[in-house]
$ cat data-v6.txt   # compact mmCIF, C-alpha atoms
# COMPACT_ATOMS: atom_id res chain seq x y z
CA MET A 1223 0.00 0.00 0.00
CA LYS A 1224 1.40 3.37 -0.96
CA ALA A 1225 2.17 5.66 1.95
CA GLY A 1226 1.75 9.42 1.84
CA ALA A 1227 5.42 10.00 1.04
CA GLU A 1228 5.33 7.51 -1.82
CA ILE A 1229 2.47 9.21 -3.65
CA ARG A 1230 3.78 12.73 -3.07
CA GLY A 1231 4.87 13.13 -6.69
CA GLU A 1232 1.66 11.66 -8.09
CA VAL A 1233 -0.46 14.02 -6.01
CA LEU A 1234 1.58 17.02 -7.12
CA LEU A 1235 1.42 16.07 -10.81
CA THR A 1236 -2.31 15.43 -10.63
CA LEU A 1237 -3.01 18.81 -9.04
CA ALA A 1238 -0.76 20.55 -11.56
CA GLN A 1239 -2.62 18.88 -14.39
CA LEU A 1240 -6.23 19.24 -13.20
CA ARG A 1241 -5.97 22.66 -11.46
CA LEU A 1242 -7.67 21.67 -8.19
CA ALA A 1243 -9.17 18.64 -6.47
CA THR A 1244 -10.53 17.40 -3.18
CA PRO A 1245 -8.85 14.61 -1.20
CA ARG A 1246 -11.75 12.34 -2.15
CA GLN A 1247 -11.15 12.93 -5.85
CA LEU A 1248 -7.40 12.39 -5.51
CA LYS A 1249 -8.01 9.12 -3.68
CA ALA A 1250 -10.35 7.93 -6.44
CA LEU A 1251 -7.66 8.61 -9.04
CA LEU A 1252 -4.53 7.48 -7.21
CA LEU A 1253 -5.61 5.00 -4.51
CA PRO A 1254 -8.96 3.65 -5.70
CA HIS A 1255 -8.83 0.57 -3.45
CA GLN A 1256 -8.04 2.54 -0.31
CA GLN A 1257 -10.91 2.79 2.14
CA ASP A 1258 -10.21 6.36 3.27
CA THR A 1259 -8.28 9.46 2.28
CA ASP A 1260 -5.61 9.23 5.01
CA HIS A 1261 -2.67 8.55 2.66
CA VAL A 1262 -3.69 11.29 0.27
CA ARG A 1263 -4.14 13.78 3.09
CA ARG A 1264 -0.72 12.86 4.46
CA ALA A 1265 0.85 13.50 1.05
CA LEU A 1266 -0.95 16.85 0.81
CA ARG A 1267 0.29 17.88 4.27
CA ASN A 1268 3.85 16.93 3.26
CA LEU A 1269 3.60 19.09 0.15
CA LEU A 1270 2.10 21.94 2.17
CA ALA A 1271 4.95 21.73 4.70
CA GLU A 1272 7.65 22.22 2.06
CA SER A 1273 9.44 25.56 1.98
CA PRO A 1274 8.18 27.13 -0.15
CA ALA A 1275 4.87 25.28 -0.03
CA LEU A 1276 4.17 23.25 -3.17
CA VAL A 1277 0.40 23.14 -2.66
CA GLY A 1278 -2.19 25.37 -1.07
CA ARG A 1279 -5.71 24.80 0.19
CA THR A 1280 -8.89 26.63 0.90
CA HIS A 1281 -11.98 25.65 2.83
CA ARG A 1282 -15.58 26.10 1.78
CA ALA A 1283 -18.69 24.41 3.19
CA GLN A 1284 -16.69 22.03 5.39
CA GLN A 1285 -14.67 20.83 2.41
CA SER A 1286 -11.01 21.39 1.55
CA TYR A 1287 -9.89 22.19 -1.98
CA TRP A 1288 -6.24 21.77 -2.95
CA TYR A 1289 -4.25 23.38 -5.74
CA CYS A 1290 -0.62 23.83 -6.82
CA THR A 1291 1.33 26.92 -5.85
CA PRO A 1292 3.75 28.49 -8.37
CA ALA A 1293 6.56 26.53 -6.67
CA GLY A 1294 4.57 23.33 -7.02
CA LEU A 1295 3.83 23.98 -10.69
CA ALA A 1296 7.54 24.63 -11.29
CA GLU A 1297 8.52 21.34 -9.63
CA ALA A 1298 5.85 19.44 -11.56
CA ALA A 1299 7.06 20.92 -14.84
CA ALA A 1300 10.70 20.18 -13.97
CA SER A 1301 9.88 16.50 -13.48
CA GLY A 1302 9.38 16.12 -17.22
CA GLU A 1303 6.24 14.05 -16.59
CA LEU A 1304 3.72 16.85 -17.01
CA GLN A 1305 2.32 17.06 -20.51
CA PRO A 1306 4.00 19.92 -22.39
CA ARG A 1307 0.76 21.80 -23.09
CA ALA A 1308 -0.71 21.48 -19.60
CA GLY A 1309 -1.41 24.71 -17.74
CA ARG A 1310 1.36 26.35 -15.76
CA THR A 1311 -0.52 29.08 -13.90
CA THR A 1312 -1.49 28.97 -10.26
CA ARG A 1313 -4.99 27.67 -9.52
CA LYS A 1314 -5.38 29.47 -6.21
CA ARG A 1315 -7.93 31.84 -7.72
CA ILE A 1316 -10.14 28.95 -8.80
CA ALA A 1317 -10.00 27.16 -5.45
CA ALA A 1318 -10.76 30.33 -3.48
CA SER A 1319 -13.28 31.79 -5.91
CA LYS A 1320 -17.01 31.95 -5.72
CA ALA A 1321 -18.82 28.63 -5.95
CA GLY A 1322 -19.44 28.77 -9.72
CA LEU A 1323 -15.87 28.64 -10.95
CA ARG A 1324 -14.81 26.19 -8.24
CA GLU A 1325 -17.73 23.82 -8.79
CA HIS A 1326 -17.11 23.90 -12.53
CA GLY A 1327 -13.53 22.79 -11.95
CA LEU A 1328 -14.56 20.05 -9.53
CA ALA A 1329 -17.18 18.77 -12.00
CA LEU A 1330 -14.43 18.41 -14.59
CA VAL A 1331 -12.38 16.36 -12.11
CA ASP A 1332 -15.45 14.18 -11.38
CA THR A 1333 -15.65 13.59 -15.14
CA VAL A 1334 -11.97 12.61 -15.19
CA VAL A 1335 -12.65 10.19 -12.31
CA ALA A 1336 -15.55 8.58 -14.20
CA PHE A 1337 -13.41 7.97 -17.30
CA HIS A 1338 -10.51 6.73 -15.17
CA GLN A 1339 -12.61 4.27 -13.18
CA ALA A 1340 -14.11 2.85 -16.38
CA GLU A 1341 -10.60 2.57 -17.89
CA ALA A 1342 -11.82 4.64 -20.82
CA ALA A 1343 -8.93 7.07 -20.27
CA ASP A 1344 -6.18 7.38 -17.69
CA HIS A 1345 -6.29 10.50 -15.56
CA ALA A 1346 -2.79 11.41 -16.79
CA ASP A 1347 -4.10 11.61 -20.36
CA TRP A 1348 -6.20 14.73 -19.79
CA GLN A 1349 -5.31 18.32 -20.61
CA VAL A 1350 -7.23 21.26 -19.18
CA GLU A 1351 -7.94 24.53 -21.00
CA VAL A 1352 -5.56 24.10 -23.93
CA ALA A 1353 -5.88 26.78 -26.61
CA HIS A 1354 -6.79 25.67 -30.14
CA PRO A 1355 -6.33 28.38 -32.81
CA THR A 1356 -9.10 29.49 -35.17
CA PRO A 1357 -9.22 32.48 -37.53
CA ALA A 1358 -11.59 34.18 -35.05
CA GLY A 1359 -9.45 33.52 -31.97
CA ASN A 1360 -8.61 30.59 -29.77
CA ARG A 1361 -11.12 27.83 -28.90
CA VAL A 1362 -10.31 26.66 -25.36
CA PRO A 1363 -12.07 23.39 -24.40
CA ASP A 1364 -12.60 22.68 -20.72
CA GLY A 1365 -10.70 19.45 -21.30
CA VAL A 1366 -9.13 17.30 -23.99
CA VAL A 1367 -8.78 13.58 -23.33
CA LEU A 1368 -6.70 10.92 -25.05
CA LEU A 1369 -8.93 7.86 -24.93
CA ALA A 1370 -7.75 4.30 -24.35
CA ASN A 1371 -8.36 3.44 -28.01
CA GLY A 1372 -5.91 6.13 -29.16
CA SER A 1373 -8.48 8.68 -30.32
CA SER A 1374 -9.19 12.00 -28.62
CA ALA A 1375 -12.28 13.88 -27.48
CA PHE A 1376 -13.08 17.43 -26.44
CA VAL A 1377 -15.00 17.76 -23.17
CA GLU A 1378 -17.16 20.69 -22.11
CA ILE A 1379 -18.72 21.07 -18.65
CA ASP A 1380 -21.94 23.08 -18.41
CA ARG A 1381 -23.39 24.38 -15.14
CA THR A 1382 -24.82 27.83 -15.85
CA MET A 1383 -23.96 28.80 -19.43
CA SER A 1384 -26.75 30.21 -21.60
CA TYR A 1385 -27.95 28.19 -24.57
CA ALA A 1386 -26.74 30.93 -26.90
CA ARG A 1387 -23.21 30.60 -25.54
CA LEU A 1388 -23.35 26.80 -25.80
CA VAL A 1389 -24.37 27.09 -29.43
CA ALA A 1390 -21.57 29.61 -29.97
CA LYS A 1391 -19.15 26.99 -28.65
CA LEU A 1392 -20.26 24.61 -31.37
CA GLU A 1393 -19.75 27.31 -33.99
CA ARG A 1394 -16.22 27.87 -32.68
CA TYR A 1395 -15.50 24.16 -32.92
CA ASP A 1396 -16.69 24.27 -36.52
CA ALA A 1397 -14.36 27.22 -37.14
CA TYR A 1398 -11.48 25.24 -35.65
CA ARG A 1399 -12.40 22.21 -37.74
CA ASN A 1400 -12.41 24.32 -40.93
CA ALA A 1401 -9.40 26.51 -40.16
CA PRO A 1402 -6.93 26.65 -43.08
CA ALA A 1403 -3.75 24.65 -43.05
CA THR A 1404 -0.75 26.19 -41.36
CA GLY A 1405 2.87 25.90 -42.41
CA ARG A 1406 4.20 25.11 -45.83
CA GLY A 1407 4.31 21.33 -45.71
CA ASN A 1408 7.08 19.57 -47.64
CA ALA A 1409 7.69 17.22 -50.55
CA ALA A 1410 6.31 14.29 -48.58
CA ARG A 1411 3.03 15.82 -47.46
CA ALA A 1412 0.73 18.77 -47.93
CA PRO A 1413 0.27 21.43 -45.23
CA ARG A 1414 -2.08 20.44 -42.43
CA SER A 1415 -4.44 22.36 -40.20
CA HIS A 1416 -3.89 22.43 -36.44
CA TRP A 1417 -6.50 19.76 -35.75
CA GLN A 1418 -5.05 17.44 -38.42
CA GLU A 1419 -1.55 17.91 -37.08
CA THR A 1420 -2.67 17.32 -33.50
CA TYR A 1421 -5.45 14.71 -33.68
CA ALA A 1422 -5.76 13.10 -37.12
CA GLY A 1423 -2.74 10.79 -36.83
CA PRO A 1424 0.25 10.52 -39.18
CA SER A 1425 -1.84 9.21 -42.07
CA LEU A 1426 -4.87 11.46 -41.41
CA ASN A 1427 -7.00 8.40 -40.75
CA ARG A 1428 -8.67 9.70 -37.59
CA PRO A 1429 -11.78 11.89 -37.80
CA PHE A 1430 -12.31 15.16 -36.01
CA PRO A 1431 -12.64 14.42 -32.26
CA PRO A 1432 -16.16 14.31 -30.83
CA VAL A 1433 -17.30 17.13 -28.57
CA LEU A 1434 -18.71 15.73 -25.32
CA PHE A 1435 -20.95 17.96 -23.18
CA VAL A 1436 -21.52 17.02 -19.53
CA PHE A 1437 -24.42 18.85 -17.86
CA VAL A 1438 -24.04 19.24 -14.10
CA PRO A 1439 -26.30 20.57 -11.33
CA ALA A 1440 -26.27 24.25 -10.42
CA ALA A 1441 -28.27 26.33 -7.97
CA ARG A 1442 -31.19 28.27 -9.42
CA ARG A 1443 -30.89 26.51 -12.76
CA ALA A 1444 -33.03 23.90 -14.46
CA ALA A 1445 -32.11 20.29 -13.83
CA PRO A 1446 -29.24 18.94 -15.97
CA ALA A 1447 -31.57 16.64 -17.93
CA THR A 1448 -33.85 19.59 -18.76
CA ARG A 1449 -30.93 21.72 -19.94
CA GLU A 1450 -29.60 18.81 -21.96
CA ALA A 1451 -32.93 18.39 -23.79
CA ALA A 1452 -33.17 22.12 -24.53
CA PHE A 1453 -29.62 22.12 -25.87
CA HIS A 1454 -30.49 19.33 -28.31
CA LYS A 1455 -33.35 21.35 -29.78
CA ARG A 1456 -30.97 24.21 -30.52
CA ALA A 1457 -28.16 22.01 -31.82
CA GLN A 1458 -30.46 20.66 -34.54
CA ARG A 1459 -30.37 24.06 -36.22
CA ILE A 1460 -26.60 24.17 -36.62
CA ASP A 1461 -25.14 23.03 -39.92
CA GLY A 1462 -22.37 20.50 -39.59
CA VAL A 1463 -23.44 19.01 -36.25
CA ASN A 1464 -23.79 15.23 -36.64
CA TYR A 1465 -21.85 15.50 -39.90
CA ARG A 1466 -18.63 17.49 -39.78
CA ILE A 1467 -18.72 17.54 -35.98
CA ILE A 1468 -20.10 14.84 -33.70
CA VAL A 1469 -21.60 16.27 -30.52
CA ALA A 1470 -22.81 14.02 -27.70
CA THR A 1471 -24.24 14.89 -24.30
CA THR A 1472 -24.84 13.33 -20.91
CA THR A 1473 -25.42 14.41 -17.33
CA LEU A 1474 -22.81 14.10 -14.62
CA ALA A 1475 -25.16 11.87 -12.62
CA GLN A 1476 -25.45 9.37 -15.47
CA LEU A 1477 -21.74 9.52 -16.20
CA THR A 1478 -20.64 8.89 -12.63
CA GLN A 1479 -23.25 6.20 -12.02
CA HIS A 1480 -22.75 4.17 -15.20
CA GLY A 1481 -19.45 5.29 -16.75
CA PRO A 1482 -18.68 6.58 -20.26
CA ASP A 1483 -18.60 3.10 -21.82
CA GLU A 1484 -22.27 2.52 -21.02
CA PRO A 1485 -25.19 3.97 -23.06
CA VAL A 1486 -25.18 7.42 -21.47
CA TRP A 1487 -24.39 9.59 -24.54
CA ARG A 1488 -27.05 11.20 -26.71
CA VAL A 1489 -25.92 12.38 -30.15
CA ALA A 1490 -27.00 15.92 -31.11
CA GLY A 1491 -28.01 17.31 -34.49
CA ARG A 1492 -30.37 16.67 -37.37
CA GLY A 1493 -31.40 13.07 -37.76
CA ALA A 1494 -30.25 12.11 -34.28
CA GLY A 1495 -32.78 10.40 -32.07
CA GLU A 1496 -33.17 10.34 -28.33
CA GLU A 1497 -31.54 6.95 -27.86
CA ARG A 1498 -28.30 6.85 -25.91
CA CYS A 1499 -25.18 4.93 -26.81
CA PRO A 1500 -21.79 4.07 -25.29
CA LEU A 1501 -18.74 6.18 -26.05
CA ASN A 1502 -17.28 3.64 -28.48
CA ALA A 1503 -20.53 3.57 -30.49
CA LEU A 1504 -20.63 7.29 -31.30
CA PRO A 1505 -20.72 7.99 -35.05
CA LYS A 1506 -17.58 9.32 -36.72
CA ALA A 1507 -17.26 12.81 -38.12
CA ARG A 1508 -16.93 12.96 -41.90
$ encode --input "data-v6.txt" --output "C-alpha cells"
Amino acid sequence: MKAGAEIRGEVLLTLAQLRLATPRQLKALLLPHQQDTDHVRRALRNLLAESPALVGRTHRAQQSYWYCTPAGLAEAAASGELQPRAGRTTRKRIAASKAGLREHGLALVDTVVAFHQAEAADHADWQVEVAHPTPAGNRVPDGVVLLANGSSAFVEIDRTMSYARLVAKLERYDAYRNAPATGRGNAARAPRSHWQETYAGPSLNRPFPPVLFVFVPAARRAAPATREAAFHKRAQRIDGVNYRIIVATTTLAQLTQHGPDEPVWRVAGRGAGEERCPLNALPKAR
C-alpha cells in the first residue's frame, strides 16, 4: 500500500494537471482501493509543509480544496512528466473563488474520475484549457482527453452557461475544424491544419474528435436533464453538427453512475434520435 510520502509526486502532478481537487477525488484517481483518504491527506500535508509550499488549500462548506502553488507547478514541470501543453498558472484563484468557478472545476475532475474508473482514459491523459487556434481567436475546451483506443475527445462542462453561448461553442469548434492549413508542408506531405496535425494521426485516418458535453447541477438553474434536452433542440439548427462535428451529451449523474462506456451519450443534431449509446458507439465525423 502506498504511503503518503510515496504518492507525493503523483499528487503534485495530478493537481498541476487538473488545477484543483478534493482529497476524495485524488483518492479515487490514485488510490482507488483505499478505504479512506488518510494517505492522500498525508501527502498533501507533506507538500504543504515544504518551503516554499508546493500546494495550497482553501476551505468552503466544510470541504477542503487543494491546488498547486507556483513553486509546485515549477517542480511538476521540472519532473518532465507533465504534458508539455498542460497549464502552468497557479490555480489558487479557482479554489478560493465563488462557488461557480470552483464547482465547474470540480465537476471536470469528477468527469476525469468517471473515465478513469471505467478505464476509458487514464487520468494522466487529460489536458485542461488548452488553446486551439481558429481564424476568429482561440477555442479553449474545458478538457481534452486521449482515450484508451488512441483517439481523442473534447470535453465541455456546463453548469450555468446560456444556450446561446453553448451554441456559440459549437460554432467555434466548426471554425477550428475548418481553419486553413498552417505551415508550408514539404515534398512528402501537404500542409495540415492544427487539428489534423494534433489529432488526425500521421496518415490522417482519424476523424475530427467528438465534442462531449456534460451537464451538471447548479443552484437556481433547471435540472441537468432539462438543460440537456433544450440544448439538443438548438443544436439541430446548426449546420455540420452530426456531420462534420459529432456532438454528444450526458449528465454528470449518469456519467458517474454508469461510466462513459455505457449507453449514457445522446448524439446531437439533425437526424439524431433520443436513444443513448456508449462512447465507443458514437458515429464518426466525416
$ closest_residue --input "data-v6.txt" --among "A:Pro1500, A:Pro1245, A:Gly1491, A:Gly1423" --to "A:Ala1457" --atoms "all atoms listed in the file"
A:Gly1491
$ closest_residue --input "data-v6.txt" --among "A:His1480, A:Arg1324, A:His1354, A:His1255" --to "A:His1281" --atoms "all atoms listed in the file"
A:Arg1324
$ atom_distance --input "data-v6.txt" --atom1 "atom CA of A:Arg1230" --atom2 "atom CA of A:Glu1297"
11.8 Å
$ closest_residue --input "data-v6.txt" --among "A:Pro1482, A:Thr1471, A:Gln1257, A:Ala1386" --to "A:Glu1341" --atoms "only C-alpha atoms"
A:Pro1482
$ atom_distance --input "data-v6.txt" --atom1 "atom CA of A:Ala1340" --atom2 "atom CA of A:Thr1244"
20.0 Å
$ atom_distance --input "data-v6.txt" --atom1 "atom CA of A:Ala1275" --atom2 "atom CA of A:Ala1293"
7.0 Å
$ residues_around --input "data-v6.txt" --residues "stretch 1387-1389 of chain A" --least-positions-apart "6" --cutoff "10 Å" --atoms "all atoms listed in the file" --output "PyMOL selection string"
chain A and resi 1378+1380+1395+1435+1453-1454+1456-1457+1459-1460
$ residues_around --input "data-v6.txt" --residues "A:Trp1487" --least-positions-apart "5" --cutoff "10 Å" --atoms "only C-alpha atoms" --output "number ranges by chain"
A: 1434-1436, 1469-1473, 1476-1477, 1482, 1496-1501, 1503-1504
$ closest_residue --input "data-v6.txt" --among "A:Ala1353, A:Ala1452, A:Ile1468, A:Ala1299" --to "A:Asp1396" --atoms "all atoms listed in the file"
A:Ile1468
$ axis_aligned_box --input "data-v6.txt" --around "stretch 1492-1505 of chain A" --padding-each-side "8 Å" --output "lines of an AutoDock Vina configuration file"
center_x = -25.2
center_y = 10.1
center_z = -31.5
size_x = 31.9
size_y = 29.1
size_z = 28.5
$ residues_near_point --input "data-v6.txt" --point "(-9.6, 22.6, -13.3)" --cutoff "6 Å" --atoms "only C-alpha atoms" --output "PyMOL selection string"
chain A and resi 1240-1242+1327
$ residues_around --input "data-v6.txt" --residues "A:Asp1332" --least-positions-apart "5" --cutoff "10 Å" --atoms "all atoms listed in the file" --output "list in words"
Ala1243, Gln1247, Ala1250, Leu1251, His1326, Gly1327, Phe1337, His1338, Leu1474, Leu1477 and Thr1478 of chain A
$ closest_residue --input "data-v6.txt" --among "A:Leu1235, A:Ile1467, A:Leu1248, A:Ala1422" --to "A:Val1335" --atoms "only C-alpha atoms"
A:Leu1248
$ residues_near_point --input "data-v6.txt" --point "(-8.0, 18.8, -38.6)" --cutoff "10 Å" --atoms "only C-alpha atoms" --output "list in words"
Tyr1398, Arg1399, Asn1400, Ala1401, Pro1402, Ala1403, Arg1414, Ser1415, His1416, Trp1417, Gln1418, Glu1419, Thr1420, Tyr1421, Ala1422, Gly1423, Leu1426, Arg1428, Pro1429, Phe1430 and Pro1431 of chain A
$ closest_residue --input "data-v6.txt" --among "A:Val1366, A:Ala1441, A:Ile1229, A:Leu1295" --to "A:Ile1379" --atoms "all atoms listed in the file"
A:Val1366
$ residues_around --input "data-v6.txt" --residues "stretch 1347-1350 of chain A" --least-positions-apart "2" --cutoff "8 Å" --atoms "only C-alpha atoms" --output "list in words"
Gln1239, Leu1240, Arg1241, Gln1305, Arg1307, Ala1308, Gly1309, Val1334, Ala1343, Asp1344, His1345, Val1352, Pro1363, Asp1364, Gly1365, Val1366, Val1367, Leu1368 and Leu1369 of chain A
$ build_atoms --input "data-v6.txt" --residues "stretch 1433-1460 of chain A" --atoms "N, CA and C atoms" --output "short mmCIF file (atom, residue, chain, number, x, y, z; two decimals), keeping the file's coordinate frame"
data_model
loop_
_atom_site.label_atom_id
_atom_site.label_comp_id
_atom_site.auth_asym_id
_atom_site.auth_seq_id
_atom_site.Cartn_x
_atom_site.Cartn_y
_atom_site.Cartn_z
N VAL A 1433 -17.17 16.13 -29.63
CA VAL A 1433 -17.30 17.13 -28.57
C VAL A 1433 -18.31 16.59 -27.57
N LEU A 1434 -17.88 16.35 -26.35
CA LEU A 1434 -18.71 15.73 -25.32
C LEU A 1434 -19.13 16.79 -24.31
N PHE A 1435 -20.43 17.01 -24.17
CA PHE A 1435 -20.95 17.96 -23.18
C PHE A 1435 -21.47 17.18 -21.97
N VAL A 1436 -21.05 17.61 -20.78
CA VAL A 1436 -21.52 17.02 -19.53
C VAL A 1436 -22.28 18.10 -18.77
N PHE A 1437 -23.57 17.88 -18.56
CA PHE A 1437 -24.42 18.85 -17.86
C PHE A 1437 -24.45 18.49 -16.38
N VAL A 1438 -24.16 19.48 -15.54
CA VAL A 1438 -24.04 19.24 -14.10
C VAL A 1438 -24.99 20.15 -13.33
N PRO A 1439 -25.35 19.76 -12.10
CA PRO A 1439 -26.30 20.57 -11.33
C PRO A 1439 -25.74 21.94 -10.97
N ALA A 1440 -26.63 22.91 -10.86
CA ALA A 1440 -26.27 24.25 -10.42
C ALA A 1440 -27.47 24.89 -9.74
N ALA A 1441 -27.19 25.66 -8.71
CA ALA A 1441 -28.27 26.33 -7.97
C ALA A 1441 -29.02 27.30 -8.88
N ARG A 1442 -30.31 27.35 -8.70
CA ARG A 1442 -31.19 28.27 -9.42
C ARG A 1442 -31.15 28.06 -10.93
N ARG A 1443 -30.86 26.86 -11.34
CA ARG A 1443 -30.89 26.51 -12.76
C ARG A 1443 -31.76 25.27 -12.96
N ALA A 1444 -32.24 25.10 -14.17
CA ALA A 1444 -33.03 23.90 -14.46
C ALA A 1444 -32.17 22.66 -14.26
N ALA A 1445 -32.82 21.55 -14.04
CA ALA A 1445 -32.11 20.29 -13.83
C ALA A 1445 -31.25 19.97 -15.05
N PRO A 1446 -30.13 19.26 -14.85
CA PRO A 1446 -29.24 18.94 -15.97
C PRO A 1446 -29.96 18.26 -17.13
N ALA A 1447 -30.86 17.32 -16.85
CA ALA A 1447 -31.57 16.64 -17.93
C ALA A 1447 -32.44 17.60 -18.73
N THR A 1448 -33.03 18.59 -18.07
CA THR A 1448 -33.85 19.59 -18.76
C THR A 1448 -32.99 20.47 -19.65
N ARG A 1449 -31.83 20.90 -19.14
CA ARG A 1449 -30.93 21.72 -19.94
C ARG A 1449 -30.37 20.93 -21.12
N GLU A 1450 -30.10 19.67 -20.88
CA GLU A 1450 -29.60 18.81 -21.96
C GLU A 1450 -30.62 18.72 -23.10
N ALA A 1451 -31.88 18.51 -22.77
CA ALA A 1451 -32.93 18.39 -23.79
C ALA A 1451 -33.09 19.70 -24.56
N ALA A 1452 -33.05 20.82 -23.86
CA ALA A 1452 -33.17 22.12 -24.53
C ALA A 1452 -31.99 22.38 -25.45
N PHE A 1453 -30.80 21.97 -25.03
CA PHE A 1453 -29.62 22.12 -25.87
C PHE A 1453 -29.78 21.34 -27.18
N HIS A 1454 -30.33 20.15 -27.10
CA HIS A 1454 -30.49 19.33 -28.31
C HIS A 1454 -31.40 20.00 -29.32
N LYS A 1455 -32.44 20.66 -28.86
CA LYS A 1455 -33.35 21.35 -29.78
C LYS A 1455 -32.61 22.43 -30.55
N ARG A 1456 -31.72 23.13 -29.87
CA ARG A 1456 -30.97 24.21 -30.52
C ARG A 1456 -29.87 23.67 -31.42
N ALA A 1457 -29.26 22.57 -31.03
CA ALA A 1457 -28.16 22.01 -31.82
C ALA A 1457 -28.64 21.49 -33.17
N GLN A 1458 -29.93 21.15 -33.27
CA GLN A 1458 -30.46 20.66 -34.54
C GLN A 1458 -30.43 21.72 -35.64
N ARG A 1459 -30.33 22.97 -35.23
CA ARG A 1459 -30.37 24.06 -36.22
C ARG A 1459 -28.99 24.41 -36.77
N ILE A 1460 -27.96 23.79 -36.25
CA ILE A 1460 -26.60 24.17 -36.62
C ILE A 1460 -26.08 23.24 -37.71
#
